[in-house]
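Please read the structure below before turning to the comments.
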Amino acid sequence: MQRILIAVTSCDHKGKSSESTGYELSEVSHAYLIFRDQGYEVDFVSPKGGNPPIEKYTLSDVINRAFLEDQDAQERIRHSFRPEQLYAHNYQAIYFAGGFGTMWDFPDNAALQDLARSVYESGGIVGAVCHGPAALVNLRLSDGRYLVTGKAVCAFTNAEESASGHLSLMPFSLESKLRERGAVLRKGSPFSRHREVSGRLVTGQNQASTESVARAMVDLLEQRQQKLDDYPQAS
């Protein structure tokens, strides 16, 4: 069975402020259920492992409720792996969920970068949504190039950050940093659904883009598998 790894933050506060944070539940729940329903085995990883913190959420979202009531899903995420415990060759894709916490513990986590680099360079898929692309800002390929250089990418924008009232708390501007790394930053209007697919890199602008990112990743995985199935086998 093919496996997808979902990465979530371990950070529970926005920098040195008293404001709590964590992973954005809907960016996990909506992607997880799509991956699972398409037959993929899903594991969770976080910088510190164990039970990661959750951003404030609402149970009016039926997908959130289904995820929280799914015993298997909860067992998996509450016992998330540390990246050092995992082997990239076991996964065909890695998906970085957002949440404000990712801005602090994703960018410089070398072990997460190693996983994503290895998945990508072995022909796998890398996906990220909202603040999840914080994991990509320092991610270099084996040849030294940033993964995002020259690729169409989207992420939570400066306008959305400002409208959310968190711009002054953020350690850096995600939109600006991706541009600095050579990404071709594309965006829709604030809080609208927007997704970019650039080769085997899939990114989404905000939480409204989660399902679109997850489905694009599944499409790419199916295309990848089809090519493998069509490849002549040695007799």
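Letters A, B, ... mark the chains of the structure tokens in the order given; residue numbers begin at 1 per chain; ligand numbers begin at 1, in order shown.
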
Would you mind listing what lies within 9 Å of Leu220 in chain A as number ranges by chain, with only C-alpha atoms counted and same-chain residues fewer than 5 positions away left out?
-> A: 124-125, 199-200, 215, 225

Close residues, Asn109 in chain A itself excluded, 8 Å, only C-alpha atoms, min 4 positions apart in chain, as a PDB file with C-alpha atoms, in the first residue's frame:
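Saved file selection-v9.pdb follows:
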ATOM      1  CA  PRO A  47       9.145  18.187  14.950  1.00  0.00           C
ATOM      2  CA  ASP A 105       9.353  25.128  13.847  1.00  0.00           C
ATOM      3  CA  GLN A 113      13.877  18.855   5.183  1.00  0.00           C
TER       4      GLN A 113
END

Mind checking DSSP for range 12-234 of chain A and telling me the strand (DSSP E or B) residues as a PyMOL selection string?
-> chain A and resi 13+20+23+41-45+50+54+80-81+93-96+125-129+140+146+152-153+184-185+195-198+201-204

How many Å lie between CA of Glu211 in chain A and CA of Cys130 in chain A, rounded to one decimal?
->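 Pair CA of Glu211 in chain A / CA of Cys130 in chain A returns 12.0 Å.
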
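Straight-line separation from CA of Thr21 in chain A to CA of Pro52 in chain A: 10.3 Å.
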
Work out how far apart CA of Ala214 in chain A and CA of Phe172 in chain A are and give it in Å to one decimal.
-> 26.2 Å

12 Å contact set for Tyr40 in chain A, only C-alpha atoms, chain neighbours under 6 positions out, as a list in words = Met1, Gln2, Arg3, Ile4, Leu5, Ile6, Ala31, Tyr32, Leu33, Ile34, Tyr91, Gln92, Ala93, Ala214, Met217, Val218, Leu221 and Glu222 of chain A

Any idea what's packed within 12 Å of Val62 in chain A, counting only C-alpha atoms, ignoring anything in its chain fewer than 4 positions away? Could you give it as number ranges by chain?
-> A: 25-26, 29-30, 33, 57-58, 66-69

Residues from last step as file, N, CA and C atoms, as a short mmCIF file (atom, residue, chain, number, x, y, z; two decimals), in the first residue's frame:
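File part_17.cif, as written:
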data_model
loop_
_atom_site.label_atom_id
_atom_site.label_comp_id
_atom_site.auth_asym_id
_atom_site.auth_seq_id
_atom_site.Cartn_x
_atom_site.Cartn_y
_atom_site.Cartn_z
N LEU A 25 -6.68 22.49 12.14
CA LEU A 25 -7.38 21.21 12.09
C LEU A 25 -7.96 20.91 10.71
N SER A 26 -8.61 21.88 10.09
CA SER A 26 -9.26 21.60 8.81
C SER A 26 -8.25 21.28 7.72
N SER A 29 -7.65 17.54 8.66
CA SER A 29 -8.79 16.64 8.55
C SER A 29 -9.25 16.46 7.10
N HIS A 30 -9.36 17.55 6.36
CA HIS A 30 -9.86 17.45 4.99
C HIS A 30 -8.88 16.69 4.09
N LEU A 33 -8.78 12.72 5.21
CA LEU A 33 -9.91 11.90 4.78
C LEU A 33 -9.88 11.65 3.27
N TYR A 57 -10.58 25.64 16.75
CA TYR A 57 -11.34 25.08 15.63
C TYR A 57 -12.82 25.07 15.95
N THR A 58 -13.60 24.77 14.94
CA THR A 58 -15.05 24.67 15.12
C THR A 58 -15.55 23.30 14.70
N ALA A 66 -15.68 14.50 11.96
CA ALA A 66 -15.43 13.11 11.56
C ALA A 66 -14.00 12.71 11.89
N PHE A 67 -13.06 13.62 11.67
CA PHE A 67 -11.66 13.33 11.97
C PHE A 67 -11.44 13.13 13.47
N LEU A 68 -12.04 14.00 14.27
CA LEU A 68 -11.87 13.91 15.72
C LEU A 68 -12.56 12.68 16.31
N GLU A 69 -13.57 12.18 15.61
CA GLU A 69 -14.28 10.99 16.08
C GLU A 69 -13.72 9.69 15.50
#

DSSP helix (DSSP H, G or I) residues within range 68-228 of chain A, listed as a PyMOL selection string = chain A and resi 68-69+71-78+83-85+88-90+102-105+110-121+132-136+158-164+174-180+207-228

Taking C-alpha atoms for each residue, export the selection above as a PDB file, in the first residue's frame.
ATOM      1  CA  LEU A  68     -11.871  13.908  15.724  1.00  0.00           C
ATOM      2  CA  GLU A  69     -14.277  10.985  16.083  1.00  0.00           C
ATOM      3  CA  GLN A  71     -10.272   6.550  16.568  1.00  0.00           C
ATOM      4  CA  ASP A  72      -7.624   5.359  14.148  1.00  0.00           C
ATOM      5  CA  ALA A  73      -6.888   8.892  12.943  1.00  0.00           C
ATOM      6  CA  GLN A  74      -6.655  10.165  16.505  1.00  0.00           C
ATOM      7  CA  GLU A  75      -4.355   7.347  17.534  1.00  0.00           C
ATOM      8  CA  ARG A  76      -2.075   8.182  14.635  1.00  0.00           C
ATOM      9  CA  ILE A  77      -1.892  11.947  15.142  1.00  0.00           C
ATOM     10  CA  ARG A  78      -1.677  11.817  18.937  1.00  0.00           C
ATOM     11  CA  PRO A  83      11.138  12.976  11.646  1.00  0.00           C
ATOM     12  CA  GLU A  84      14.299  11.222  12.828  1.00  0.00           C
ATOM     13  CA  GLN A  85      12.251   8.056  13.365  1.00  0.00           C
ATOM     14  CA  ALA A  88      11.656   8.580   3.368  1.00  0.00           C
ATOM     15  CA  HIS A  89      11.628   5.500   1.116  1.00  0.00           C
ATOM     16  CA  ASN A  90       8.465   4.343   2.914  1.00  0.00           C
ATOM     17  CA  THR A 102       4.663  26.109  11.413  1.00  0.00           C
ATOM     18  CA  MET A 103       6.293  29.517  10.980  1.00  0.00           C
ATOM     19  CA  TRP A 104       8.496  28.820  13.964  1.00  0.00           C
ATOM     20  CA  ASP A 105       9.353  25.128  13.847  1.00  0.00           C
ATOM     21  CA  ALA A 110      16.787  19.715   9.105  1.00  0.00           C
ATOM     22  CA  ALA A 111      15.218  16.301   9.674  1.00  0.00           C
ATOM     23  CA  LEU A 112      11.922  17.359   8.065  1.00  0.00           C
ATOM     24  CA  GLN A 113      13.877  18.855   5.183  1.00  0.00           C
ATOM     25  CA  ASP A 114      15.783  15.590   4.736  1.00  0.00           C
ATOM     26  CA  LEU A 115      12.504  13.648   4.545  1.00  0.00           C
ATOM     27  CA  ALA A 116      10.949  16.021   2.021  1.00  0.00           C
ATOM     28  CA  ARG A 117      14.097  16.183  -0.099  1.00  0.00           C
ATOM     29  CA  SER A 118      14.386  12.409  -0.225  1.00  0.00           C
ATOM     30  CA  VAL A 119      10.711  11.922  -1.068  1.00  0.00           C
ATOM     31  CA  TYR A 120      10.931  14.505  -3.852  1.00  0.00           C
ATOM     32  CA  GLU A 121      14.208  13.299  -5.325  1.00  0.00           C
ATOM     33  CA  GLY A 132       2.645  24.828   5.567  1.00  0.00           C
ATOM     34  CA  PRO A 133       4.963  26.180   2.836  1.00  0.00           C
ATOM     35  CA  ALA A 134       7.084  27.534   5.701  1.00  0.00           C
ATOM     36  CA  ALA A 135       8.677  24.089   5.459  1.00  0.00           C
ATOM     37  CA  LEU A 136       9.847  24.947   1.938  1.00  0.00           C
ATOM     38  CA  ASN A 158       0.824  39.186   3.200  1.00  0.00           C
ATOM     39  CA  ALA A 159      -2.685  40.565   2.655  1.00  0.00           C
ATOM     40  CA  GLU A 160      -4.240  37.571   4.415  1.00  0.00           C
ATOM     41  CA  GLU A 161      -1.685  37.787   7.232  1.00  0.00           C
ATOM     42  CA  SER A 162      -2.490  41.463   7.716  1.00  0.00           C
ATOM     43  CA  ALA A 163      -6.253  40.874   7.603  1.00  0.00           C
ATOM     44  CA  SER A 164      -5.856  38.135  10.230  1.00  0.00           C
ATOM     45  CA  LEU A 174       6.044  33.801   4.134  1.00  0.00           C
ATOM     46  CA  GLU A 175       5.055  35.329   0.804  1.00  0.00           C
ATOM     47  CA  SER A 176       8.170  37.509   0.683  1.00  0.00           C
ATOM     48  CA  LYS A 177      10.519  34.742   1.779  1.00  0.00           C
ATOM     49  CA  LEU A 178       9.296  32.394  -0.942  1.00  0.00           C
ATOM     50  CA  ARG A 179       9.911  35.126  -3.518  1.00  0.00           C
ATOM     51  CA  GLU A 180      13.433  35.567  -2.112  1.00  0.00           C
ATOM     52  CA  GLN A 207      -7.253  26.530   4.351  1.00  0.00           C
ATOM     53  CA  ALA A 208      -9.989  26.859   1.724  1.00  0.00           C
ATOM     54  CA  SER A 209      -7.477  25.334  -0.716  1.00  0.00           C
ATOM     55  CA  THR A 210      -6.845  22.177   1.324  1.00  0.00           C
ATOM     56  CA  GLU A 211      -9.073  19.749  -0.537  1.00  0.00           C
ATOM     57  CA  SER A 212      -7.838  21.015  -3.893  1.00  0.00           C
ATOM     58  CA  VAL A 213      -4.233  20.418  -2.836  1.00  0.00           C
ATOM     59  CA  ALA A 214      -4.998  16.937  -1.519  1.00  0.00           C
ATOM     60  CA  ARG A 215      -6.842  15.908  -4.675  1.00  0.00           C
ATOM     61  CA  ALA A 216      -4.050  17.232  -6.893  1.00  0.00           C
ATOM     62  CA  MET A 217      -1.551  15.203  -4.881  1.00  0.00           C
ATOM     63  CA  VAL A 218      -3.663  12.074  -5.328  1.00  0.00           C
ATOM     64  CA  ASP A 219      -3.889  12.724  -9.078  1.00  0.00           C
ATOM     65  CA  LEU A 220      -0.102  13.013  -9.318  1.00  0.00           C
ATOM     66  CA  LEU A 221       0.377   9.856  -7.275  1.00  0.00           C
ATOM     67  CA  GLU A 222      -1.983   7.947  -9.550  1.00  0.00           C
ATOM     68  CA  GLN A 223      -0.118   9.227 -12.632  1.00  0.00           C
ATOM     69  CA  ARG A 224       3.162   8.168 -11.035  1.00  0.00           C
ATOM     70  CA  GLN A 225       1.823   4.713 -10.277  1.00  0.00           C
ATOM     71  CA  GLN A 226       0.458   4.351 -13.794  1.00  0.00           C
ATOM     72  CA  LYS A 227       3.896   5.097 -15.250  1.00  0.00           C
ATOM     73  CA  LEU A 228       5.418   2.480 -12.957  1.00  0.00           C
TER      74      LEU A 228
END

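For the choices A:Leu169, A:Val148, A:Val137, A:Val8, the atom-to-atom distance to Glu27 in chain A is smallest for A:Val8 when using only C-alpha atoms.
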
Would you kindly return, as a count of residues only, each protein, DNA or RNA residue with an atom no farther than 12 Å from any atom of His194 in chain A, considering only C-alpha atoms and excluding same-chain residues fewer than 2 positions away?
-> 30

Considering only C-alpha atoms, return as an NGL selection string whatever protein or nucleic-acid residues lie within 12 Å of Glu19 in chain A, sequence-local ones (same chain, fewer than 5 positions apart) excluded.
-> :A and (11-14 or 55-56 or 100-101 or 166 or 169-170)
